[in-house]
$ cat start_24.cif   # mmCIF, C-alpha atoms
data_structure
#
loop_
_atom_site.group_PDB
_atom_site.id
_atom_site.type_symbol
_atom_site.label_atom_id
_atom_site.label_comp_id
_atom_site.auth_asym_id
_atom_site.auth_seq_id
_atom_site.Cartn_x
_atom_site.Cartn_y
_atom_site.Cartn_z
ATOM 1 C CA MET A 20 135.063 8.474 66.053
ATOM 2 C CA THR A 21 138.190 10.341 67.069
ATOM 3 C CA ASP A 22 139.861 12.777 64.715
ATOM 4 C CA ALA A 23 142.044 11.205 62.073
ATOM 5 C CA LEU A 24 145.630 12.166 61.353
ATOM 6 C CA ASP A 25 147.961 11.039 58.611
ATOM 7 C CA TYR A 26 150.982 12.276 56.686
ATOM 8 C CA TYR A 27 151.751 12.554 53.002
ATOM 9 C CA GLN A 28 155.080 13.063 51.228
ATOM 10 C CA PRO A 29 154.630 14.439 47.686
ATOM 11 C CA PRO A 30 156.424 11.955 45.438
ATOM 12 C CA GLN A 31 157.825 14.395 42.895
ATOM 13 C CA SER A 32 159.792 16.657 45.165
ATOM 14 C CA ASP A 33 161.352 16.132 48.535
ATOM 15 C CA ALA A 34 161.686 19.913 48.582
ATOM 16 C CA LEU A 35 157.952 20.336 49.176
ATOM 17 C CA GLY A 36 158.345 18.500 52.442
ATOM 18 C CA LEU A 37 155.825 16.622 54.469
ATOM 19 C CA LEU A 38 152.084 17.299 54.619
ATOM 20 C CA ARG A 39 149.956 16.604 57.695
ATOM 21 C CA LEU A 40 146.394 15.539 56.893
ATOM 22 C CA SER A 41 143.756 15.970 59.598
ATOM 23 C CA ALA A 42 140.100 15.023 59.346
ATOM 24 C CA THR A 43 136.947 14.412 61.298
ATOM 25 C CA ALA A 44 134.102 12.162 60.213
ATOM 26 C CA SER A 45 132.729 15.246 58.388
ATOM 27 C CA GLY A 46 135.760 15.957 56.243
ATOM 28 C CA ILE A 47 139.293 17.267 55.922
ATOM 29 C CA THR A 48 140.050 19.937 58.518
ATOM 30 C CA GLU A 49 143.716 20.519 57.677
ATOM 31 C CA ILE A 50 146.374 19.859 55.084
ATOM 32 C CA ALA A 51 149.491 21.638 56.268
ATOM 33 C CA PHE A 52 153.191 21.644 55.488
ATOM 34 C CA VAL A 53 155.115 20.367 58.523
ATOM 35 C CA MET A 54 158.758 19.680 59.290
ATOM 36 C CA GLU A 55 158.233 16.235 60.816
ATOM 37 C CA LYS A 56 155.655 13.778 62.062
ATOM 38 C CA ASP A 57 154.534 15.116 65.412
ATOM 39 C CA ALA A 58 152.049 12.385 66.336
ATOM 40 C CA ALA A 59 151.307 8.796 65.446
ATOM 41 C CA PRO A 60 149.197 8.416 62.288
ATOM 42 C CA ARG A 61 145.522 7.582 62.833
ATOM 43 C CA PRO A 62 144.162 7.482 59.266
ATOM 44 C CA ASN A 63 140.518 7.155 58.322
ATOM 45 C CA GLU A 64 138.714 6.737 55.004
ATOM 46 C CA ILE A 65 138.810 10.489 54.366
ATOM 47 C CA THR A 66 142.561 10.857 54.929
ATOM 48 C CA GLU A 67 143.133 7.791 52.727
ATOM 49 C CA ARG A 68 141.070 9.412 49.948
ATOM 50 C CA ALA A 69 143.052 12.620 50.386
ATOM 51 C CA ARG A 70 146.345 10.719 50.067
ATOM 52 C CA GLN A 71 145.107 8.999 46.892
ATOM 53 C CA GLN A 72 143.884 12.258 45.338
ATOM 54 C CA LEU A 73 147.122 14.052 46.244
ATOM 55 C CA ASP A 74 149.030 11.219 44.528
ATOM 56 C CA GLU A 75 146.892 11.769 41.419
ATOM 57 C CA TYR A 76 147.401 15.553 41.574
ATOM 58 C CA PHE A 77 151.180 15.259 41.786
ATOM 59 C CA ALA A 78 151.182 12.630 39.000
ATOM 60 C CA GLY A 79 149.370 15.140 36.771
ATOM 61 C CA GLU A 80 146.221 12.990 36.675
ATOM 62 C CA ARG A 81 143.941 15.175 38.829
ATOM 63 C CA ARG A 82 143.023 18.829 38.499
ATOM 64 C CA ASP A 83 140.083 18.983 40.923
ATOM 65 C CA PHE A 84 139.734 17.391 44.318
ATOM 66 C CA GLU A 85 136.601 15.543 45.378
ATOM 67 C CA LEU A 86 136.879 15.466 49.132
ATOM 68 C CA PRO A 87 134.533 16.463 51.922
ATOM 69 C CA LEU A 88 136.000 19.552 53.566
ATOM 70 C CA ALA A 89 135.390 20.758 57.103
ATOM 71 C CA PRO A 90 137.723 23.724 57.653
ATOM 72 C CA ARG A 91 137.400 25.610 60.901
ATOM 73 C CA GLY A 92 137.084 29.352 60.505
ATOM 74 C CA THR A 93 134.763 32.341 60.535
ATOM 75 C CA ASP A 94 131.902 32.653 58.065
ATOM 76 C CA PHE A 95 133.924 35.160 56.023
ATOM 77 C CA GLN A 96 137.003 32.938 55.988
ATOM 78 C CA ARG A 97 134.926 29.976 54.795
ATOM 79 C CA ARG A 98 133.400 32.137 52.036
ATOM 80 C CA VAL A 99 136.902 33.114 50.885
ATOM 81 C CA TRP A 100 138.065 29.484 50.961
ATOM 82 C CA GLU A 101 135.019 28.452 48.914
ATOM 83 C CA ALA A 102 135.897 31.166 46.383
ATOM 84 C CA LEU A 103 139.487 29.905 46.218
ATOM 85 C CA ALA A 104 138.171 26.455 45.324
ATOM 86 C CA THR A 105 136.614 27.946 42.165
ATOM 87 C CA ILE A 106 139.987 29.039 40.732
ATOM 88 C CA PRO A 107 140.671 26.577 37.911
ATOM 89 C CA PHE A 108 143.790 24.414 37.870
ATOM 90 C CA GLY A 109 146.686 26.250 36.259
ATOM 91 C CA GLU A 110 145.091 29.705 36.601
ATOM 92 C CA THR A 111 145.587 32.488 39.109
ATOM 93 C CA ARG A 112 143.465 35.263 40.570
ATOM 94 C CA ASN A 113 144.420 38.314 42.573
ATOM 95 C CA TYR A 114 143.041 39.368 45.937
ATOM 96 C CA ALA A 115 140.898 42.128 44.417
ATOM 97 C CA GLU A 116 139.257 39.655 42.039
ATOM 98 C CA ILE A 117 138.383 37.338 44.915
ATOM 99 C CA ALA A 118 137.013 40.264 46.945
ATOM 100 C CA GLU A 119 134.874 41.354 43.996
ATOM 101 C CA GLN A 120 133.650 37.779 43.478
ATOM 102 C CA LEU A 121 132.463 37.843 47.096
ATOM 103 C CA GLY A 122 130.788 41.240 46.703
ATOM 104 C CA CYS A 123 133.397 42.881 48.936
ATOM 105 C CA LYS A 124 134.819 45.467 46.559
ATOM 106 C CA GLY A 125 137.888 46.962 48.212
ATOM 107 C CA GLY A 126 138.183 43.989 50.559
ATOM 108 C CA GLN A 127 141.551 42.771 49.278
ATOM 109 C CA ARG A 128 143.216 42.927 52.683
ATOM 110 C CA ALA A 129 140.439 40.966 54.361
ATOM 111 C CA VAL A 130 140.626 38.388 51.576
ATOM 112 C CA GLY A 131 144.410 38.266 51.975
ATOM 113 C CA ALA A 132 144.090 37.682 55.705
ATOM 114 C CA ALA A 133 141.555 34.869 55.185
ATOM 115 C CA ASN A 134 143.703 33.407 52.419
ATOM 116 C CA GLY A 135 146.667 33.328 54.795
ATOM 117 C CA ARG A 136 144.620 31.361 57.322
ATOM 118 C CA ASN A 137 143.506 28.696 54.841
ATOM 119 C CA PRO A 138 143.991 25.431 56.755
ATOM 120 C CA ILE A 139 143.719 23.153 53.700
ATOM 121 C CA ALA A 140 146.757 23.687 51.471
ATOM 122 C CA ILE A 141 146.724 22.532 47.835
ATOM 123 C CA VAL A 142 143.135 21.196 47.910
ATOM 124 C CA VAL A 143 141.863 24.711 48.679
ATOM 125 C CA PRO A 144 144.278 26.354 46.240
ATOM 126 C CA CYS A 145 145.412 29.499 48.017
ATOM 127 C CA HIS A 146 148.679 29.116 46.097
ATOM 128 C CA ARG A 147 146.752 30.326 43.018
ATOM 129 C CA VAL A 148 146.250 33.816 44.491
ATOM 130 C CA ILE A 149 148.786 36.443 43.466
ATOM 131 C CA GLY A 150 149.231 40.193 43.871
ATOM 132 C CA SER A 151 147.391 42.614 41.566
ATOM 133 C CA ASP A 152 150.723 43.398 39.910
ATOM 134 C CA GLY A 153 151.151 39.735 38.968
ATOM 135 C CA GLN A 154 153.846 39.126 41.584
ATOM 136 C CA LEU A 155 153.806 36.198 43.959
ATOM 137 C CA THR A 156 152.771 37.236 47.430
ATOM 138 C CA GLY A 157 152.953 35.489 50.776
ATOM 139 C CA TYR A 158 152.131 31.841 51.196
ATOM 140 C CA ALA A 159 151.861 30.070 54.536
ATOM 141 C CA GLY A 160 153.907 27.190 53.119
ATOM 142 C CA GLY A 161 156.589 29.568 51.850
ATOM 143 C CA ILE A 162 157.027 31.341 48.517
ATOM 144 C CA GLY A 163 159.254 28.545 47.197
ATOM 145 C CA ARG A 164 156.463 26.013 47.622
ATOM 146 C CA LYS A 165 154.002 28.401 45.989
ATOM 147 C CA GLN A 166 156.346 28.774 42.997
ATOM 148 C CA TRP A 167 156.745 25.000 42.778
ATOM 149 C CA LEU A 168 152.982 24.361 42.883
ATOM 150 C CA LEU A 169 152.275 26.991 40.212
ATOM 151 C CA ALA A 170 155.077 25.576 38.024
ATOM 152 C CA HIS A 171 153.659 22.065 38.510
ATOM 153 C CA GLU A 172 150.208 23.213 37.418
ATOM 154 C CA ALA A 173 151.695 25.041 34.425
ATOM 155 C CA GLY A 174 153.317 21.788 33.314
ATOM 156 C CA GLU A 175 156.804 23.132 33.844
ATOM 157 C CA ILE A 176 159.553 20.898 35.113
ATOM 158 C CA PRO A 177 159.533 21.305 38.889
ATOM 159 C CA PHE A 178 162.648 22.782 40.402
ATOM 160 C CA GLN A 179 164.196 22.263 43.795
ATOM 161 C CA LEU A 180 163.450 24.814 46.476
ATOM 162 C CA ALA A 181 166.314 26.805 47.901
#

$ encode --input "start_24.cif" --output "structure tokens"
Amino acid sequence: MTDALDYYQPPQSDALGLLRLSATASGITEIAFVMEKDAAPRPNEITERARQQLDEYFAGERRDFELPLAPRGTDFQRRVWEALATIPFGETRNYAEIAEQLGCKGGQRAVGAANGRNPIAIVVPCHRVIGSDGQLTGYAGGIGRKQWLLAHEAGEIPFQLA
């Protein structure tokens, strides 16, 4: 089977933009914010499940995703992404806490670098990682999207991105 590709527009906010969903037969390899459709959709069962679960997440009906994941990365990056998946809906962690969870005390920068390379936005919730001072830090999708996602999970009325 060839790799699958599909797109998803979050229903609650045009400001979040378009998501590209990529998958193999093994699982989701990418959920990324994109400006436009750059290829013809070729959905498969896994991308269809991802679309359905994203609909449920944005409707406030889903807190945890149940999708097979197949991110491409180093062993350390995959360990960080697995740790991110343990952060409960509506909660945040800082980079030092993730490093400590992985037994890498003092490894905040390495965790930050792996976090920034997370290829599966929202489902692997890198938006839930903040600075040790409680401030929002970088997000590959942009700080505005990170703020929106955290506000959504907090049950706050979503706002439009600038």

$ resolve_selection --input "start_24.cif" --expression "the PyMOL selection byres ((chain A and resi 65-78) around 9)" --output "PyMOL selection string"
chain A and resi 23-27+29-31+40-47+62-64+79-87+141-142+171

$ atom_distance --input "start_24.cif" --atom1 "CA of Val99 (chain A)" --atom2 "CA of Glu175 (chain A)"
28.0 Å

$ closest_residue --input "start_24.cif" --among "A:Gln28, A:Thr48, A:Gln166, A:Asn134" --to "Ala104 (chain A)" --atoms "all atoms listed in the file"
A:Asn134

$ closest_residue --input "start_24.cif" --among "A:Ala59, A:Ile139, A:Ala89, A:Arg147" --to "Ile117 (chain A)" --atoms "all atoms listed in the file"
A:Arg147

$ resolve_selection --input "start_24.cif" --expression "the PyMOL selection byres ((chain A and resi 54) around 9)" --output "count of residues only"
8

$ atom_distance --input "start_24.cif" --atom1 "CA of Arg97 (chain A)" --atom2 "CA of Gly153 (chain A)"
24.7 Å

$ closest_residue --input "start_24.cif" --among "A:Leu169, A:Ala118, A:Arg112, A:Gly126" --to "Ser151 (chain A)" --atoms "only C-alpha atoms"
A:Arg112

$ residues_near_point --input "start_24.cif" --point "(147.7, 41.8, 41.7)" --cutoff "10 Å" --atoms "all atoms listed in the file" --output "list in words"
Thr111, Arg112, Asn113, Tyr114, Ala115, Glu116, Gln127, Val148, Ile149, Gly150, Ser151, Asp152, Gly153, Gln154, Leu155 and Thr156 of chain A

$ atom_distance --input "start_24.cif" --atom1 "CA of Ala132 (chain A)" --atom2 "CA of Lys165 (chain A)"
16.7 Å
